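Engineer: Just start.txt, nothing more (compact mmCIF, C-alpha atoms):
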# COMPACT_ATOMS: atom_id res chain seq x y z
CA MET A 1 -44.29 -7.25 -0.67
CA GLY A 2 -41.20 -5.22 -1.40
CA LYS A 3 -37.86 -5.91 -3.01
CA TYR A 4 -36.13 -6.08 0.36
CA SER A 5 -36.77 -7.36 3.85
CA ILE A 6 -35.73 -4.76 6.41
CA TRP A 7 -35.06 -5.04 10.12
CA VAL A 8 -33.64 -2.68 12.73
CA LEU A 9 -31.47 -4.64 15.15
CA ASP A 10 -30.50 -3.38 18.60
CA TYR A 11 -27.01 -4.31 19.70
CA ALA A 12 -26.57 -2.17 22.85
CA ALA A 13 -28.11 0.84 24.60
CA VAL A 14 -27.46 3.90 26.68
CA ASN A 15 -30.12 3.74 29.35
CA LYS A 16 -29.80 7.32 30.53
CA PHE A 17 -29.23 9.57 27.57
CA PRO A 18 -29.88 13.31 27.94
CA GLN A 19 -32.94 14.37 25.98
CA SER A 20 -31.26 17.72 25.41
CA VAL A 21 -28.77 15.97 23.09
CA MET A 22 -31.57 14.37 21.12
CA LEU A 23 -33.61 17.55 20.76
CA TYR A 24 -32.04 20.98 20.41
CA GLY A 25 -33.48 23.48 22.84
CA PRO A 26 -34.54 23.08 26.45
CA GLN A 27 -31.90 21.82 28.89
CA TYR A 28 -32.44 19.70 32.00
CA VAL A 29 -35.56 18.10 30.55
CA GLY A 30 -34.74 14.55 31.49
CA ILE A 31 -33.31 11.40 30.03
CA ARG A 32 -34.36 8.69 27.59
CA ASN A 33 -33.27 5.19 26.69
CA LEU A 34 -31.13 5.36 23.56
CA PRO A 35 -30.81 2.06 21.70
CA TYR A 36 -27.70 1.44 19.61
CA ALA A 37 -28.75 -0.35 16.44
CA TYR A 38 -27.99 -1.04 12.80
CA VAL A 39 -30.27 -1.81 9.89
CA LEU A 40 -30.29 -5.13 8.03
CA ILE A 41 -31.61 -5.05 4.46
CA LYS A 42 -31.89 -8.40 2.67
CA GLY A 43 -32.98 -9.19 -0.86
CA GLN A 44 -31.99 -9.05 -4.56
CA GLY A 45 -29.08 -11.36 -3.72
CA GLN A 46 -27.65 -8.84 -1.26
CA VAL A 47 -27.21 -8.68 2.49
CA ILE A 48 -26.79 -5.00 3.35
CA LEU A 49 -26.14 -3.21 6.61
CA VAL A 50 -26.65 0.45 7.29
CA ASP A 51 -23.73 1.04 9.69
CA THR A 52 -21.54 -1.48 11.45
CA GLY A 53 -21.99 -0.95 15.16
CA TYR A 54 -18.70 -1.13 17.05
CA ASP A 55 -16.39 -3.68 18.57
CA HIS A 56 -16.42 -3.54 22.36
CA LYS A 57 -12.66 -3.55 22.90
CA GLU A 58 -9.73 -1.12 22.88
CA TYR A 59 -10.77 2.45 22.08
CA GLY A 60 -14.29 1.34 21.14
CA LYS A 61 -14.74 0.06 24.69
CA TYR A 62 -13.20 3.23 26.09
CA LEU A 63 -15.68 5.42 24.19
CA ALA A 64 -18.59 3.14 25.04
CA ASP A 65 -17.75 3.33 28.74
CA LEU A 66 -17.46 7.09 28.43
CA TYR A 67 -20.96 7.30 26.92
CA GLY A 68 -22.50 4.81 29.36
CA VAL A 69 -23.22 2.07 26.82
CA SER A 70 -24.51 -1.21 28.24
CA ASN A 71 -25.74 -4.60 27.05
CA TRP A 72 -23.44 -4.71 24.02
CA HIS A 73 -23.63 -7.86 21.92
CA PRO A 74 -21.48 -8.82 18.93
CA ALA A 75 -22.75 -8.73 15.36
CA SER A 76 -22.52 -12.53 15.11
CA GLU A 77 -25.11 -12.84 17.86
CA VAL A 78 -27.31 -9.94 16.76
CA LEU A 79 -27.49 -10.91 13.08
CA ALA A 80 -28.22 -14.54 13.99
CA GLU A 81 -31.66 -13.37 15.12
CA CYS A 82 -32.40 -12.94 11.41
CA GLY A 83 -30.49 -16.01 10.21
CA VAL A 84 -27.51 -14.02 8.93
CA THR A 85 -23.80 -14.23 9.77
CA PRO A 86 -21.27 -11.39 9.51
CA ALA A 87 -19.62 -13.26 6.65
CA ASP A 88 -22.90 -13.12 4.69
CA VAL A 89 -22.88 -9.30 4.63
CA THR A 90 -22.11 -8.07 1.12
CA THR A 91 -22.45 -4.29 1.53
CA VAL A 92 -22.23 -1.80 4.38
CA LEU A 93 -23.48 1.77 3.95
CA ILE A 94 -21.84 3.97 6.60
CA THR A 95 -23.88 7.00 7.54
CA HIS A 96 -21.05 8.72 9.41
CA ALA A 97 -17.70 8.06 11.07
CA HIS A 98 -18.71 7.91 14.73
CA PHE A 99 -17.59 4.81 16.60
CA ASP A 100 -21.05 3.33 17.11
CA HIS A 101 -21.74 3.50 13.37
CA MET A 102 -18.32 2.73 11.86
CA GLY A 103 -16.43 0.94 14.62
CA GLY A 104 -17.05 -2.52 13.22
CA LEU A 105 -15.14 -2.18 9.96
CA ASP A 106 -13.22 -5.40 10.51
CA LEU A 107 -16.22 -7.49 11.54
CA PHE A 108 -17.58 -8.18 8.05
CA PRO A 109 -14.88 -9.99 6.09
CA ASN A 110 -16.65 -10.14 2.73
CA ALA A 111 -18.35 -6.75 2.66
CA LYS A 112 -17.72 -3.65 0.59
CA PHE A 113 -18.13 -0.39 2.50
CA TYR A 114 -19.54 2.91 1.20
CA ILE A 115 -18.93 6.24 2.90
CA GLN A 116 -18.99 9.87 1.82
CA LYS A 117 -15.66 11.33 0.67
CA ARG A 118 -16.38 14.50 2.59
CA GLU A 119 -16.77 12.56 5.84
CA LEU A 120 -13.33 10.98 5.55
CA ASP A 121 -11.57 14.07 4.18
CA GLN A 122 -12.85 16.40 6.85
CA TRP A 123 -12.30 13.89 9.63
CA VAL A 124 -8.66 13.53 8.66
CA TRP A 125 -8.37 17.30 8.47
CA ALA A 126 -9.94 17.73 11.92
CA LEU A 127 -7.45 15.26 13.36
CA THR A 128 -4.59 17.52 12.29
CA LEU A 129 -5.99 20.34 14.42
CA GLY A 130 -4.83 20.88 17.97
CA PRO A 131 -6.40 19.19 20.99
CA GLU A 132 -8.46 22.31 21.63
CA PHE A 133 -10.60 21.21 18.65
CA ARG A 134 -11.16 17.66 19.87
CA PHE A 135 -14.93 18.23 20.04
CA LEU A 136 -14.89 17.86 16.26
CA VAL A 137 -13.62 14.29 16.46
CA GLY A 138 -14.93 13.34 19.88
CA ALA A 139 -17.10 10.34 19.05
CA ALA A 140 -14.77 8.97 16.38
CA ASP A 141 -12.26 6.19 16.97
CA PRO A 142 -8.96 7.14 15.31
CA GLY A 143 -8.18 3.45 15.02
CA ASP A 144 -10.93 3.26 12.40
CA ILE A 145 -8.68 5.30 10.08
CA VAL A 146 -6.15 2.49 10.05
CA LYS A 147 -8.91 -0.06 9.42
CA ALA A 148 -10.39 2.09 6.65
CA THR A 149 -6.97 2.40 5.05
CA ARG A 150 -6.56 -1.36 4.97
CA LEU A 151 -10.00 -1.73 3.38
CA ALA A 152 -9.23 0.97 0.82
CA ARG A 153 -6.04 -0.83 -0.16
CA GLU A 154 -8.07 -4.02 -0.61
CA GLY A 155 -10.56 -2.15 -2.80
CA ARG A 156 -13.31 -2.67 -0.24
CA MET A 157 -13.75 0.94 0.91
CA ILE A 158 -15.68 2.88 -1.72
CA VAL A 159 -15.82 6.62 -1.37
CA VAL A 160 -18.93 8.40 -2.63
CA ASP A 161 -18.71 12.06 -3.56
CA GLY A 162 -22.24 13.42 -3.06
CA ASP A 163 -25.56 11.82 -3.93
CA ARG A 164 -25.68 8.51 -5.75
CA ASP A 165 -28.81 6.84 -7.12
CA ASP A 166 -29.13 3.05 -7.28
CA VAL A 167 -25.91 2.22 -5.51
CA LEU A 168 -27.77 -1.07 -5.33
CA SER A 169 -31.10 -1.64 -7.02
CA GLY A 170 -33.61 0.81 -5.52
CA ILE A 171 -31.17 2.12 -2.92
CA ASP A 172 -29.96 5.72 -3.03
CA LEU A 173 -27.29 7.51 -1.01
CA ARG A 174 -27.80 11.14 -0.05
CA LEU A 175 -25.12 13.50 1.29
CA ALA A 176 -26.22 15.72 4.16
CA ALA A 177 -23.14 17.92 4.43
CA ASN A 178 -22.34 19.82 7.62
CA THR A 179 -25.12 18.36 9.69
CA HIS A 180 -24.49 15.90 12.54
CA THR A 181 -21.01 15.46 11.07
CA PHE A 182 -19.04 16.93 8.17
CA GLY A 183 -20.22 14.41 5.60
CA SER A 184 -23.18 12.54 7.03
CA MET A 185 -25.15 10.39 4.64
CA TYR A 186 -28.66 9.02 4.73
CA VAL A 187 -29.96 6.05 2.81
CA THR A 188 -33.21 5.79 0.87
CA VAL A 189 -34.68 2.40 0.01
CA ARG A 190 -37.36 2.52 -2.70
CA ASN A 191 -38.81 -0.84 -1.85
CA ASP A 192 -41.18 -0.97 -4.82
CA GLY A 193 -38.32 -0.01 -7.13
CA GLY A 194 -40.23 2.99 -8.48
CA ARG A 195 -38.50 6.31 -9.04
CA GLU A 196 -41.43 8.06 -7.36
CA SER A 197 -41.74 5.32 -4.80
CA GLN A 198 -44.91 4.68 -2.84
CA ASP A 199 -42.97 2.36 -0.51
CA ALA A 200 -39.88 4.32 0.45
CA TRP A 201 -37.88 4.17 3.67
CA VAL A 202 -35.18 6.56 4.82
CA PHE A 203 -32.41 5.55 7.21
CA ALA A 204 -31.42 8.82 8.76
CA GLY A 205 -28.12 8.06 10.48
CA ASP A 206 -27.85 10.43 13.43
CA ASN A 207 -29.32 13.41 11.62
CA VAL A 208 -32.56 12.35 13.30
CA TYR A 209 -32.34 10.82 16.78
CA THR A 210 -36.06 10.52 17.45
CA TYR A 211 -39.39 11.02 15.71
CA ASP A 212 -39.71 14.14 17.85
CA ASN A 213 -37.04 15.73 15.62
CA LEU A 214 -39.59 15.41 12.78
CA THR A 215 -42.74 16.41 14.63
CA GLY A 216 -41.75 18.44 17.70
CA LEU A 217 -43.29 17.73 21.07
CA ASP A 218 -46.67 19.39 20.47
CA PRO A 219 -48.92 17.17 18.30
CA ASN A 220 -51.20 20.14 17.62
CA ASP A 221 -48.38 22.23 16.24
CA PRO A 222 -45.83 19.93 14.52
CA TYR A 223 -42.50 21.33 13.42
CA LEU A 224 -38.94 20.20 12.76
CA VAL A 225 -36.53 20.25 15.70
CA PRO A 226 -32.82 19.66 15.06
CA ILE A 227 -30.78 17.27 17.13
CA GLY A 228 -28.68 18.79 19.88
CA LEU A 229 -25.29 17.42 18.85
CA ALA A 230 -23.74 18.55 15.60
CA THR A 231 -20.50 19.78 14.10
CA GLY A 232 -22.51 21.37 11.28
CA SER A 233 -25.42 23.76 11.37
CA GLN A 234 -28.93 23.52 12.73
CA SER A 235 -30.40 24.89 9.54
CA ASN A 236 -28.68 22.18 7.49
CA LEU A 237 -30.18 19.60 9.83
CA LEU A 238 -33.65 21.04 9.31
CA PHE A 239 -33.36 21.07 5.53
CA SER A 240 -32.01 17.53 5.41
CA SER A 241 -34.90 16.38 7.64
CA ALA A 242 -37.33 18.06 5.27
CA ALA A 243 -35.71 16.27 2.32
CA MET A 244 -36.01 12.94 4.12
CA LEU A 245 -39.69 13.55 4.82
CA LYS A 246 -40.27 14.45 1.19
CA ALA A 247 -38.65 11.17 0.09
CA VAL A 248 -41.23 9.21 2.11
CA GLY A 249 -44.20 11.29 1.08
CA GLY A 250 -44.40 13.02 4.44
CA GLU A 251 -45.06 9.80 6.37
CA HIS A 252 -42.68 10.51 9.23
CA LYS A 253 -42.61 7.01 10.68
CA ARG A 254 -40.84 5.87 7.49
CA VAL A 255 -37.85 8.05 8.36
CA ILE A 256 -36.03 5.63 10.63
CA PRO A 257 -33.87 6.97 13.46
CA VAL A 258 -32.02 3.91 14.76
CA HIS A 259 -31.63 5.52 18.18
CA GLU A 260 -35.43 5.90 18.58
CA ASP A 261 -36.61 3.74 21.48
CA ARG A 262 -40.20 3.73 20.19
CA LEU A 263 -39.45 1.83 16.97
CA LYS A 264 -40.28 -1.37 18.84
CA THR A 265 -43.83 -0.16 19.47
CA VAL A 266 -44.43 1.57 16.14
CA PHE A 267 -43.51 -1.57 14.14
CA PRO A 268 -43.84 -5.31 14.77
CA SER A 269 -41.01 -6.41 17.03
CA ARG A 270 -39.81 -8.89 19.59
CA ALA A 271 -37.34 -8.89 22.45
CA THR A 272 -34.45 -11.34 22.29
CA ALA A 273 -33.12 -13.39 25.18
CA ALA A 274 -30.39 -10.78 25.54
CA GLY A 275 -32.94 -8.01 26.09
CA LEU A 276 -32.37 -6.50 22.65
CA HIS A 277 -35.09 -5.87 20.06
CA VAL A 278 -35.67 -7.01 16.50
CA VAL A 279 -37.88 -4.51 14.70
CA GLU A 280 -39.38 -5.64 11.40
CA LEU A 281 -40.09 -2.93 8.85
CA ALA A 282 -40.70 -4.93 5.68
CA LEU A 283 -40.69 -8.46 4.32
CA ALA A 284 -39.79 -9.41 0.76
CA ASP A 285 -41.44 -12.26 -1.13
CA GLY A 286 -40.67 -15.61 0.47
CA GLU A 287 -39.08 -14.15 3.58
CA ALA A 288 -40.36 -15.44 6.91
CA SER A 289 -41.12 -13.03 9.70
CA ARG A 290 -38.43 -12.83 12.38
CA VAL A 291 -40.74 -11.35 14.96
CA ALA A 292 -43.84 -13.56 14.71
CA MET B 1 11.66 15.15 51.44
CA THR B 2 9.03 13.01 49.79
CA GLN B 3 10.34 10.25 47.56
CA VAL B 4 8.51 9.87 44.25
CA ASP B 5 7.75 6.30 43.30
CA PRO B 6 9.85 5.60 40.16
CA LEU B 7 6.96 3.80 38.49
CA ALA B 8 4.58 6.68 39.15
CA ARG B 9 7.15 9.12 37.80
CA TYR B 10 7.65 6.99 34.72
CA ILE B 11 3.92 6.86 34.04
CA SER B 12 3.53 10.62 34.40
CA GLU B 13 6.44 11.21 32.02
CA ALA B 14 5.36 8.59 29.51
CA GLU B 15 1.72 9.64 29.25
CA PRO B 16 2.19 12.84 27.22
CA LEU B 17 4.72 11.08 25.00
CA HIS B 18 2.24 8.33 24.27
CA ASP B 19 -0.31 10.96 23.35
CA LEU B 20 2.09 12.72 20.99
CA LEU B 21 2.96 9.46 19.24
CA ARG B 22 -0.68 8.46 19.03
CA ARG B 23 -1.52 11.77 17.36
CA GLY B 24 1.39 11.34 14.96
CA LEU B 25 0.10 7.90 14.05
CA ILE B 26 -3.41 9.18 13.42
CA GLN B 27 -2.13 11.95 11.18
CA LEU B 28 0.06 9.65 9.12
CA SER B 29 -2.78 7.13 8.86
CA GLY B 30 -5.09 9.89 7.69
CA PHE B 31 -2.60 10.95 5.05
CA LEU B 32 -2.27 7.37 3.85
CA LEU B 33 -6.03 6.93 3.72
CA LYS B 34 -6.49 10.07 1.64
CA ARG B 35 -3.65 9.07 -0.67
CA THR B 36 -5.00 5.55 -1.08
CA ILE B 37 -8.47 6.79 -1.93
CA ALA B 38 -7.21 9.51 -4.26
CA GLY B 39 -5.00 7.13 -6.25
CA PRO B 40 -1.28 7.23 -7.05
CA ARG B 41 -1.44 10.10 -9.55
CA ALA B 42 -3.53 12.48 -7.49
CA ILE B 43 -2.10 15.49 -5.68
CA VAL B 44 -2.61 15.00 -1.97
CA ASP B 45 -2.39 17.62 0.74
CA TYR B 46 0.69 17.03 2.94
CA GLU B 47 -0.74 18.95 5.90
CA PRO B 48 -1.27 15.74 7.95
CA VAL B 49 2.34 14.72 7.29
CA GLU B 50 3.62 18.07 8.50
CA ALA B 51 1.47 17.80 11.60
CA ALA B 52 2.77 14.28 12.23
CA ARG B 53 6.37 15.39 11.76
CA GLU B 54 5.89 18.01 14.46
CA ARG B 55 4.32 15.52 16.92
CA ILE B 56 7.06 12.94 16.34
CA ARG B 57 9.80 15.55 16.67
CA GLU B 58 8.30 16.76 19.95
CA ALA B 59 8.27 13.22 21.34
CA ALA B 60 11.54 11.81 20.00
CA GLU B 61 14.13 13.22 22.35
CA SER B 62 12.03 12.63 25.45
CA VAL B 63 11.25 9.05 24.50
CA ARG B 64 14.95 8.39 23.97
CA SER B 65 15.91 9.85 27.33
CA LEU B 66 12.98 8.33 29.24
CA ARG B 67 14.20 6.30 32.22
CA ALA B 68 12.03 3.32 33.07
CA PRO B 69 12.21 1.22 36.23
CA ALA B 70 12.62 -2.50 35.63
CA ARG B 71 8.90 -3.16 35.94
CA ALA B 72 8.20 -0.74 33.09
CA ALA B 73 11.02 -1.78 30.77
CA HIS B 74 8.76 -3.86 28.58
CA HIS B 75 6.30 -0.98 28.36
CA ARG B 76 9.02 1.48 27.45
CA GLY B 77 10.25 -0.94 24.82
CA HIS B 78 6.90 -0.69 23.03
CA LEU B 79 6.91 3.10 23.32
CA ALA B 80 10.39 3.25 21.82
CA ALA B 81 9.49 0.78 19.11
CA ALA B 82 6.46 2.89 18.20
CA LEU B 83 8.74 5.92 17.83
CA VAL B 84 11.10 4.04 15.53
CA ALA B 85 8.19 2.78 13.41
CA LEU B 86 6.70 6.28 13.18
CA GLU B 87 10.00 7.82 12.13
CA SER B 88 10.22 5.19 9.41
CA ALA B 89 6.62 5.90 8.43
CA LEU B 90 7.39 9.60 8.21
CA SER B 91 10.33 8.91 5.90
CA ALA B 92 8.13 6.68 3.75
CA ALA B 93 5.43 9.35 3.54
CA LEU B 94 7.97 11.87 2.24
CA SER B 95 9.70 9.40 -0.05
CA THR B 96 9.25 9.35 -3.81
CA THR B 97 10.04 5.64 -3.95
CA ASP B 98 6.90 4.43 -2.24
CA PRO B 99 4.17 5.51 -4.68
CA ASP B 100 1.63 2.91 -3.57
CA GLY B 101 2.24 3.56 0.12
CA ASP B 102 3.26 -0.04 0.81
CA ALA B 103 6.12 0.87 3.14
CA LEU B 104 4.09 3.60 4.80
CA PHE B 105 1.27 1.14 5.40
CA CYS B 106 3.62 -1.41 6.98
CA PHE B 107 5.22 1.12 9.32
CA VAL B 108 1.84 2.58 10.30
CA GLN B 109 0.58 -0.90 11.15
CA GLU B 110 3.74 -1.58 13.14
CA ALA B 111 3.43 1.67 15.09
CA GLY B 112 -0.23 0.97 15.75
CA ARG B 113 0.58 -2.44 17.19
CA HIS B 114 3.13 -0.98 19.58
CA LEU B 115 0.91 1.90 20.67
CA ARG B 116 -1.97 -0.47 21.33
CA ALA B 117 0.37 -2.48 23.50
CA VAL B 118 1.41 0.68 25.32
CA GLY B 119 -1.93 2.11 26.15
CA ARG B 120 -4.74 -0.05 24.73
CA ALA B 121 -5.14 2.74 22.17
CA THR B 122 -6.84 5.12 24.58
CA PRO B 123 -6.12 8.85 24.48
CA GLY B 124 -4.92 8.77 28.04
CA PHE B 125 -2.93 6.01 29.56
CA GLU B 126 -5.03 3.03 30.52
CA ALA B 127 -3.71 0.89 33.29
CA VAL B 128 -1.13 -1.50 32.00
CA ASP B 129 -0.26 -4.54 34.05
CA PHE B 130 3.45 -4.06 34.38
CA LYS B 131 3.83 -7.52 35.87
CA GLN B 132 2.48 -9.18 32.76
CA ALA B 133 3.94 -9.15 29.29
CA CYS B 134 1.43 -7.44 27.03
CA CYS B 135 2.47 -9.24 23.89
CA ALA B 136 4.24 -12.41 22.90
CA ALA B 137 7.31 -10.57 21.62
CA HIS B 138 9.37 -10.64 24.78
CA GLY B 139 12.62 -8.76 24.58
CA VAL B 140 11.01 -6.04 22.52
CA GLY B 141 12.62 -3.49 24.83
CA THR B 142 16.16 -4.63 24.31
CA ARG B 143 15.57 -5.15 20.58
CA PHE B 144 14.82 -1.47 20.10
CA GLU B 145 17.38 -0.17 22.58
CA THR B 146 19.97 -0.84 19.90
CA GLN B 147 18.18 1.36 17.38
CA LEU B 148 17.56 4.08 19.93
CA ALA B 149 21.21 4.23 20.83
CA GLY B 150 22.15 4.77 17.20
Take the structure in this file and express it as structure tokens.
Structural biologist:
Amino acid sequence: MGKYSIWVLDYAAVNKFPQSVMLYGPQYVGIRNLPYAYVLIKGQGQVILVDTGYDHKEYGKYLADLYGVSNWHPASEVLAECGVTPADVTTVLITHAHFDHMGGLDLFPNAKFYIQKRELDQWVWALTLGPEFRFLVGAADPGDIVKATRLAREGRMIVVDGDRDDVLSGIDLRLAANTHTFGSMYVTVRNDGGRESQDAWVFAGDNVYTYDNLTGLDPNDPYLVPIGLATGSQSNLLFSSAAMLKAVGGEHKRVIPVHEDRLKTVFPSRATAAGLHVVELALADGEASRVA
Amino acid sequence: MTQVDPLARYISEAEPLHDLLRRGLIQLSGFLLKRTIAGPRAIVDYEPVEAARERIREAAESVRSLRAPARAAHHRGHLAAALVALESALSAALSTTDPDGDALFCFVQEAGRHLRAVGRATPGFEAVDFKQACCAAHGVGTRFETQLAG
């Protein structure tokens, strides 16, 4: 039993997502289902989310329609599958500023939010550039800047400048600069509390879309393959993937890409009435399974 | 000669203005966010403010001279109100008497409300039902006509 219970919770999906975006390299190689999900971490008196999802209205809806997102469900409904309400959430760790990860800033009224300083700084800078540079801010909802400002004024938006150990007990934040985005962050949970943990999990944000980014497509010749969508560099993506793998002792299935459709078969899971999935990674002492 | 529908002409003229104002709002919001995070004594880059000033300047005269048919008057009222709020926000950003950004924050919020009413906050110009009031503040058009005339 670990310190925290951990679930990955689907809240929407893109049914036909180009594989060439998930894996850098060959084009016209087909499509995959791409779940949209966030991570719920519960224990030690905390209810933590890795990313917020988005709110399916206004510009969030516009972007979602643009990307072909379907079967969206609100956080109140999704979290209820694990007996949690949005008001229960104490902490949100934002991996990057794209709408499907940060677009729910106003959905968790009691939470404090953590994001990398570099992600906000560079995003604001990119927004001052001309429209010819809009690729740099394409998946971000500018309205989230206004929401983030309100949270910062309330003291609820905490900016992290680089790596931070034990932001909460056993939970570390790691900057992966110039990768998927300017200031992407991944989250390490040392679920046994040990510095050299034997029970570590990494939540990769979008620096890893699929386990294939960690293994390649040839099981006899595994290698790292960067994602196909980045404002930073492919080499930075490879080195950050290597660092994630090192943090989990090389056990690649413990590096969790929330967009990986196979999580539901790799770990215990169940489908909800809405056709979403609850994937159970770990249970803390006294916590009942939500997938049994 | 082909007659251009006044509503269609209005929409085509208003769309780029909406985009300019939206970009100005984003840039001022970004400046405010960086200033809030950095704290009142930190030195903050004014590049976003300069960018916003340029966008607002580009839009101002055209918004003021924009002719709207009756069905689009309410819509134009929000566009004009957004311009007024952004000009106030710009002044607040450059002011030395608003160290905590309170006034800037208020004007940014105000501009955001009006721009959401104008275009549902999309980068283009989402369909707006010109037959329906898009907010409870009826008369918003006439309220801001006074300021625009000044």
Engineer: Find the distance between CA of Ala93 in chain B and CA of Gly103 in chain A and write it in Å to one decimal.
Structural biologist: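 Separation of CA of Ala93 in chain B and CA of Gly103 in chain A: 25.9 Å.
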Engineer: Quick check: residues of chain A within 7 Å of chain B, all atoms listed in the file, returned as a VMD selection string.
Structural biologist: chain A and resid 58 to 59 62 121 124 127 to 128 142 145 to 146 149 152 to 153
Engineer: Quick one: residues within 8 Å of His73 in chain A, all atoms listed in the file, excluding same-chain residues fewer than 4 positions away - as a PDB file with C-alpha atoms, in the coordinates of the input?
Structural biologist:
ATOM      1  CA  TYR A  11     -27.010  -4.310  19.700  1.00  0.00           C
ATOM      2  CA  ALA A  12     -26.570  -2.170  22.850  1.00  0.00           C
ATOM      3  CA  GLU A  77     -25.110 -12.840  17.860  1.00  0.00           C
ATOM      4  CA  VAL A  78     -27.310  -9.940  16.760  1.00  0.00           C
TER       5      VAL A  78
END
Engineer: What does the distance between CA of Arg71 in chain B and CA of Pro16 in chain B come to in Å, to one decimal place?
Structural biologist: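 Taking CA of Arg71 in chain B and CA of Pro16 in chain B, their separation equals 19.4 Å.
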Engineer: Quote the spacing between CA of Val69 in chain A and CA of Val84 in chain A in Å to one decimal place.
Structural biologist: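 Distance between the two atoms: 24.4 Å.
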Engineer: When you look at Glu58 in chain B with a cut-off of 10 Å (counting all atoms listed in the file), what residues show up, excluding the ones that are within fewer than 4 positions of it in the same chain? I need them as a VMD selection string.
Structural biologist: chain B and resid 17 20 to 21 52 to 54 62 to 63
Engineer: Would you be able to write out as an mmCIF file with C-alpha atoms, keeping the file's coordinate frame which residues have an atom within 10 Å of (-24.3, 22.0, 14.9) in the file's coordinates, counting only C-alpha atoms?
Structural biologist:
data_model
loop_
_atom_site.group_PDB
_atom_site.id
_atom_site.type_symbol
_atom_site.label_atom_id
_atom_site.label_comp_id
_atom_site.auth_asym_id
_atom_site.auth_seq_id
_atom_site.Cartn_x
_atom_site.Cartn_y
_atom_site.Cartn_z
ATOM 1 C CA TYR A 24 -32.040 20.980 20.410
ATOM 2 C CA ASN A 178 -22.340 19.820 7.620
ATOM 3 C CA THR A 179 -25.120 18.360 9.690
ATOM 4 C CA HIS A 180 -24.490 15.900 12.540
ATOM 5 C CA THR A 181 -21.010 15.460 11.070
ATOM 6 C CA PHE A 182 -19.040 16.930 8.170
ATOM 7 C CA PRO A 226 -32.820 19.660 15.060
ATOM 8 C CA ILE A 227 -30.780 17.270 17.130
ATOM 9 C CA GLY A 228 -28.680 18.790 19.880
ATOM 10 C CA LEU A 229 -25.290 17.420 18.850
ATOM 11 C CA ALA A 230 -23.740 18.550 15.600
ATOM 12 C CA THR A 231 -20.500 19.780 14.100
ATOM 13 C CA GLY A 232 -22.510 21.370 11.280
ATOM 14 C CA SER A 233 -25.420 23.760 11.370
ATOM 15 C CA GLN A 234 -28.930 23.520 12.730
ATOM 16 C CA SER A 235 -30.400 24.890 9.540
ATOM 17 C CA ASN A 236 -28.680 22.180 7.490
ATOM 18 C CA LEU A 237 -30.180 19.600 9.830
#
Engineer: Which residue out of B:Ala117, B:Ala72, B:Leu79, B:Ala59 has the minimum interatomic distance to Ala8 in chain B when all atoms listed in the file are used?
Structural biologist: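 The answer is B:Ala72, which sits nearest to Ala8 in chain B.
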Engineer: A:Ala75, A:Phe113, A:Gln46, A:Val202: which is nearest Gly155 in chain A, counting all atoms listed in the file?
Structural biologist: A:Phe113
Engineer: Emit as lines of an AutoDock Vina configuration file the padded axis-aligned box for all listed atoms of range 29-35 of chain B, 3 Å per side, with centre and edge lengths in Å to one decimal.
Structural biologist:
center_x = -4.4
center_y = 8.9
center_z = 4.1
size_x = 10.2
size_y = 10.0
size_z = 15.5
Engineer: Find, counting only C-alpha atoms, the residue in A:Gly45, A:Gly183, A:Gly194, A:Gly205 that gets nearest to Asp100 in chain A.
Structural biologist: A:Gly205
Engineer: List as a compact mmCIF listing (two decimals) with C-alpha atoms, in the frame of the given file: which residues have an atom within 12 Å of (-38.4, -0.1, 17.0), counting all atoms listed in the file?
Structural biologist:
# COMPACT_ATOMS: atom_id res chain seq x y z
CA ILE A 6 -35.73 -4.76 6.41
CA TRP A 7 -35.06 -5.04 10.12
CA VAL A 8 -33.64 -2.68 12.73
CA LEU A 9 -31.47 -4.64 15.15
CA ASP A 10 -30.50 -3.38 18.60
CA LEU A 34 -31.13 5.36 23.56
CA PRO A 35 -30.81 2.06 21.70
CA TYR A 36 -27.70 1.44 19.61
CA ALA A 37 -28.75 -0.35 16.44
CA TYR A 38 -27.99 -1.04 12.80
CA VAL A 39 -30.27 -1.81 9.89
CA THR A 210 -36.06 10.52 17.45
CA TYR A 211 -39.39 11.02 15.71
CA LYS A 253 -42.61 7.01 10.68
CA ARG A 254 -40.84 5.87 7.49
CA VAL A 255 -37.85 8.05 8.36
CA ILE A 256 -36.03 5.63 10.63
CA PRO A 257 -33.87 6.97 13.46
CA VAL A 258 -32.02 3.91 14.76
CA HIS A 259 -31.63 5.52 18.18
CA GLU A 260 -35.43 5.90 18.58
CA ASP A 261 -36.61 3.74 21.48
CA ARG A 262 -40.20 3.73 20.19
CA LEU A 263 -39.45 1.83 16.97
CA LYS A 264 -40.28 -1.37 18.84
CA THR A 265 -43.83 -0.16 19.47
CA VAL A 266 -44.43 1.57 16.14
CA PHE A 267 -43.51 -1.57 14.14
CA PRO A 268 -43.84 -5.31 14.77
CA SER A 269 -41.01 -6.41 17.03
CA ARG A 270 -39.81 -8.89 19.59
CA ALA A 271 -37.34 -8.89 22.45
CA LEU A 276 -32.37 -6.50 22.65
CA HIS A 277 -35.09 -5.87 20.06
CA VAL A 278 -35.67 -7.01 16.50
CA VAL A 279 -37.88 -4.51 14.70
CA GLU A 280 -39.38 -5.64 11.40
CA LEU A 281 -40.09 -2.93 8.85
CA VAL A 291 -40.74 -11.35 14.96
Engineer: Would you please work out which residue, of B:Val84, B:Ala73, B:Leu94, B:Leu66, is nearest to Ala14 in chain B when using all atoms listed in the file?
Structural biologist: B:Leu66
